[in-house]
$ cat target-v9.pdb   # PDB, C-alpha atoms
ATOM      1  CA  MET D   1       0.000   0.000   0.000
ATOM      2  CA  ASP D   2       1.234   3.448  -0.904
ATOM      3  CA  TYR D   3       0.927   5.352   2.376
ATOM      4  CA  ALA D   4       1.620   8.750   0.799
ATOM      5  CA  ARG D   5      -1.261   8.217  -1.612
ATOM      6  CA  ALA D   6      -3.505   7.077   1.263
ATOM      7  CA  LEU D   7      -2.628  10.220   3.215
ATOM      8  CA  LYS D   8      -3.384  12.395   0.187
ATOM      9  CA  ALA D   9      -6.692  10.572  -0.278
ATOM     10  CA  ALA D  10      -7.549  11.142   3.397
ATOM     11  CA  VAL D  11      -6.818  14.870   3.073
ATOM     12  CA  ALA D  12      -8.818  15.175  -0.157
ATOM     13  CA  THR D  13     -11.740  13.222   1.318
ATOM     14  CA  ALA D  14     -11.714  15.252   4.545
ATOM     15  CA  ILE D  15     -11.816  18.516   2.600
ATOM     16  CA  ALA D  16     -14.536  17.196   0.272
ATOM     17  CA  THR D  17     -16.548  16.008   3.280
ATOM     18  CA  ALA D  18     -16.233  19.383   4.989
ATOM     19  CA  ALA D  19     -17.294  21.145   1.777
ATOM     20  CA  GLY D  20     -20.279  18.832   1.353
ATOM     21  CA  HIS D  21     -21.335  19.225   4.968
ATOM     22  CA  LEU D  22     -20.991  23.022   4.864
ATOM     23  CA  THR D  23     -23.011  23.093   1.641
ATOM     24  CA  MET D  24     -25.758  21.106   3.332
ATOM     25  CA  SER D  25     -25.748  23.325   6.425
ATOM     26  CA  ALA D  26     -25.875  26.570   4.454
ATOM     27  CA  GLY D  27     -28.424  25.284   1.944
ATOM     28  CA  PHE D  28     -30.767  23.937   4.588
ATOM     29  CA  ALA D  29     -30.555  27.248   6.471
ATOM     30  CA  TRP D  30     -31.506  28.954   3.203
ATOM     31  CA  ALA D  31     -34.445  26.556   2.770
ATOM     32  CA  ARG D  32     -35.619  27.110   6.352
ATOM     33  CA  GLY D  33     -35.552  30.870   5.788
ATOM     34  CA  GLN D  34     -38.175  30.759   3.049
ATOM     35  CA  GLU D  35     -41.452  32.287   4.220
ATOM     36  CA  PRO D  36     -44.508  30.129   3.559
ATOM     37  CA  ASP D  37     -47.384  31.721   1.651
ATOM     38  CA  HIS D  38     -49.847  29.358   3.307
ATOM     39  CA  PRO D  39     -49.586  27.233   6.463
ATOM     40  CA  ASP D  40     -49.633  24.016   4.392
ATOM     41  CA  ASP D  41     -47.249  25.358   1.768
ATOM     42  CA  TRP D  42     -44.160  23.418   0.679
ATOM     43  CA  SER D  43     -41.993  26.496   1.028
ATOM     44  CA  GLY D  44     -38.309  25.824   0.923
ATOM     45  CA  LEU D  45     -38.692  22.572  -1.045
ATOM     46  CA  PRO D  46     -36.883  23.842  -4.177
ATOM     47  CA  GLU D  47     -34.056  25.175  -2.014
ATOM     48  CA  PHE D  48     -33.898  21.919  -0.065
ATOM     49  CA  GLY D  49     -33.740  19.891  -3.282
ATOM     50  CA  ALA D  50     -31.123  22.179  -4.791
ATOM     51  CA  THR D  51     -29.009  21.801  -1.662
ATOM     52  CA  VAL D  52     -29.161  18.021  -1.729
ATOM     53  CA  LEU D  53     -28.288  17.906  -5.425
ATOM     54  CA  ALA D  54     -25.480  20.417  -4.929
ATOM     55  CA  THR D  55     -23.796  18.350  -2.234
ATOM     56  CA  TRP D  56     -24.176  15.178  -4.284
ATOM     57  CA  ILE D  57     -22.606  16.862  -7.329
ATOM     58  CA  LEU D  58     -19.930  18.567  -5.240
ATOM     59  CA  MET D  59     -18.547  15.341  -3.740
ATOM     60  CA  PRO D  60     -17.128  13.710  -6.909
ATOM     61  CA  LEU D  61     -15.807  17.049  -8.129
ATOM     62  CA  ALA D  62     -14.135  17.829  -4.815
ATOM     63  CA  LEU D  63     -12.592  14.353  -4.612
ATOM     64  CA  TRP D  64     -11.259  14.549  -8.155
ATOM     65  CA  VAL D  65      -9.934  18.110  -7.851
ATOM     66  CA  GLY D  66      -8.428  17.388  -4.427
ATOM     67  CA  MET D  67      -6.512  14.362  -5.651
ATOM     68  CA  ARG D  68      -5.379  16.171  -8.800
ATOM     69  CA  VAL D  69      -4.121  19.145  -6.784
ATOM     70  CA  LEU D  70      -2.200  16.725  -4.589
ATOM     71  CA  GLY D  71      -0.620  15.223  -7.709
ATOM     72  CA  GLU D  72      -2.498  11.925  -7.942
ATOM     73  CA  ARG D  73      -4.139  10.379 -10.971
ATOM     74  CA  ARG D  74      -6.254   7.278 -11.522
ATOM     75  CA  THR D  75      -8.691   8.039  -8.717
ATOM     76  CA  TRP D  76     -11.763   6.542 -10.373
ATOM     77  CA  LEU D  77     -12.332   3.953  -7.664
ATOM     78  CA  GLN D  78     -12.428   6.652  -5.009
ATOM     79  CA  ILE D  79     -14.835   8.756  -7.051
ATOM     80  CA  LEU D  80     -17.079   5.935  -8.302
ATOM     81  CA  LEU D  81     -17.508   4.345  -4.874
ATOM     82  CA  GLY D  82     -17.069   7.399  -2.661
ATOM     83  CA  THR D  83     -19.843   9.367  -4.349
ATOM     84  CA  PRO D  84     -22.636   6.809  -3.799
ATOM     85  CA  LEU D  85     -21.318   6.305  -0.284
ATOM     86  CA  TRP D  86     -21.699  10.058   0.319
ATOM     87  CA  VAL D  87     -25.192   9.981  -1.207
ATOM     88  CA  GLY D  88     -26.111   7.249   1.264
ATOM     89  CA  VAL D  89     -24.498   8.896   4.285
ATOM     90  CA  SER D  90     -25.958  12.314   3.523
ATOM     91  CA  SER D  91     -29.398  10.784   2.934
ATOM     92  CA  VAL D  92     -29.409   8.840   6.186
ATOM     93  CA  TYR D  93     -28.197  11.773   8.297
ATOM     94  CA  ILE D  94     -30.044  14.541   6.449
ATOM     95  CA  ASP D  95     -32.288  15.231   9.440
ATOM     96  CA  ASP D  96     -29.257  15.680  11.693
ATOM     97  CA  VAL D  97     -28.030  18.528   9.505
ATOM     98  CA  ASP D  98     -31.444  20.043   8.774
ATOM     99  CA  HIS D  99     -31.748  22.130  11.924
ATOM    100  CA  PRO D 100     -29.805  25.147  13.190
ATOM    101  CA  GLY D 101     -26.343  24.049  14.268
ATOM    102  CA  GLY D 102     -26.982  20.529  12.976
ATOM    103  CA  LEU D 103     -24.072  18.192  12.433
ATOM    104  CA  MET D 104     -23.725  14.644  11.207
ATOM    105  CA  PRO D 105     -22.362  12.313  13.869
ATOM    106  CA  VAL D 106     -18.584  12.741  14.009
ATOM    107  CA  PRO D 107     -17.872   8.968  14.000
ATOM    108  CA  VAL D 108     -19.817   8.685  10.723
ATOM    109  CA  LEU D 109     -17.783  11.501   9.186
ATOM    110  CA  VAL D 110     -14.535   9.909  10.378
ATOM    111  CA  LEU D 111     -15.556   6.537   8.916
ATOM    112  CA  PHE D 112     -16.413   8.221   5.626
ATOM    113  CA  VAL D 113     -12.994   9.887   5.482
ATOM    114  CA  LEU D 114     -11.314   6.551   6.283
ATOM    115  CA  ALA D 115     -13.304   4.830   3.535
ATOM    116  CA  GLY D 116     -12.298   7.574   1.097
ATOM    117  CA  ALA D 117      -8.659   7.210   2.135
ATOM    118  CA  LEU D 118      -8.742   3.458   1.534
ATOM    119  CA  LEU D 119     -10.491   3.856  -1.805
ATOM    120  CA  GLY D 120      -8.063   6.569  -2.874
ATOM    121  CA  ALA D 121      -5.032   4.557  -1.782
ATOM    122  CA  TYR D 122      -5.678   2.009  -4.510
ATOM    123  CA  ASP D 123      -3.725   2.843  -7.652
ATOM    124  CA  PRO D 124      -4.659   0.583 -10.584
ATOM    125  CA  GLY D 125      -1.682   1.822 -12.602
ATOM    126  CA  SER D 126       0.901   0.723 -10.050
ATOM    127  CA  ALA D 127      -0.108  -2.962 -10.266
ATOM    128  CA  ARG D 128       0.311  -2.981 -14.039
ATOM    129  CA  ASN D 129       3.636  -1.193 -14.022
ATOM    130  CA  ASP D 130       5.365  -3.167 -11.250
ATOM    131  CA  GLY D 131       8.144  -5.141 -12.848
ATOM    132  CA  ALA D 132       7.178  -4.194 -16.395
ATOM    133  CA  GLY D 133      10.187  -3.824 -18.608
ATOM    134  CA  THR D 134      12.682  -4.893 -15.942
ATOM    135  CA  GLU D 135      13.680  -8.125 -17.610
ATOM    136  CA  GLN D 136      17.370  -8.258 -18.423
ATOM    137  CA  ALA D 137      18.697 -10.059 -21.479
TER
END

$ encode --input "target-v9.pdb" --output "structure tokens"
Amino acid sequence: MDYARALKAAVATAIATAAGHLTMSAGFAWARGQEPDHPDDWSGLPEFGATVLATWILMPLALWVGMRVLGERRTWLQILLGTPLWVGVSSVYIDDVDHPGGLMPVPVLVLFVLAGALLGAYDPGSARNDGAGTEQA
């Protein structure tokens, strides 16, 4: 296992998680601030939906950009598995964030960052290139 790559993946995932969580917090505050026209009105629903979609779109972009900035390539496993994992985590704990000062449980966030670090540590290119072209005549 490439520990430097795992550390970079952990940093990128932690930053992406913080960005996603902050997006949810700010967006849900925006949705809560919408004044209802009627008592039974669905006020804030478009803002709530936009917030959820924004955090789901932000996660793969933040993971990809974070790993690229840190000099890593071939991060498809981290993006392809980390994004649906974030969709699941953010869906399950959406009610925890959807109130003033709301926060997802810290152990869940730590486990998500660890999962992202493990997924990002895998480099499919390194397995193919190990020992390639090293045969001596």

$ atom_distance --input "target-v9.pdb" --atom1 "atom CA of D:Gln78" --atom2 "atom CA of D:Asp98"
27.0 Å

$ resolve_selection --input "target-v9.pdb" --expression "the PyMOL selection byres ((chain D and resi 10-14) around 10)" --output "ChimeraX atom specification"
/D:4-9,15-20,59-60,62-70,78-79,82,109-110,112-121

$ atom_distance --input "target-v9.pdb" --atom1 "atom CA of D:Met24" --atom2 "atom CA of D:Thr51"
6.0 Å

$ closest_residue --input "target-v9.pdb" --among "D:Ile94, D:Met1, D:Gly71, D:Leu80" --to "D:Gly49" --atoms "only C-alpha atoms"
D:Ile94

$ atom_distance --input "target-v9.pdb" --atom1 "atom CA of D:Glu47" --atom2 "atom CA of D:Ala26"
10.5 Å

$ resolve_selection --input "target-v9.pdb" --expression "the PyMOL selection byres ((chain D and resi 27) around 10)" --output "PyMOL selection string"
chain D and resi 21-26+28-33+44+47-52+54-55+98
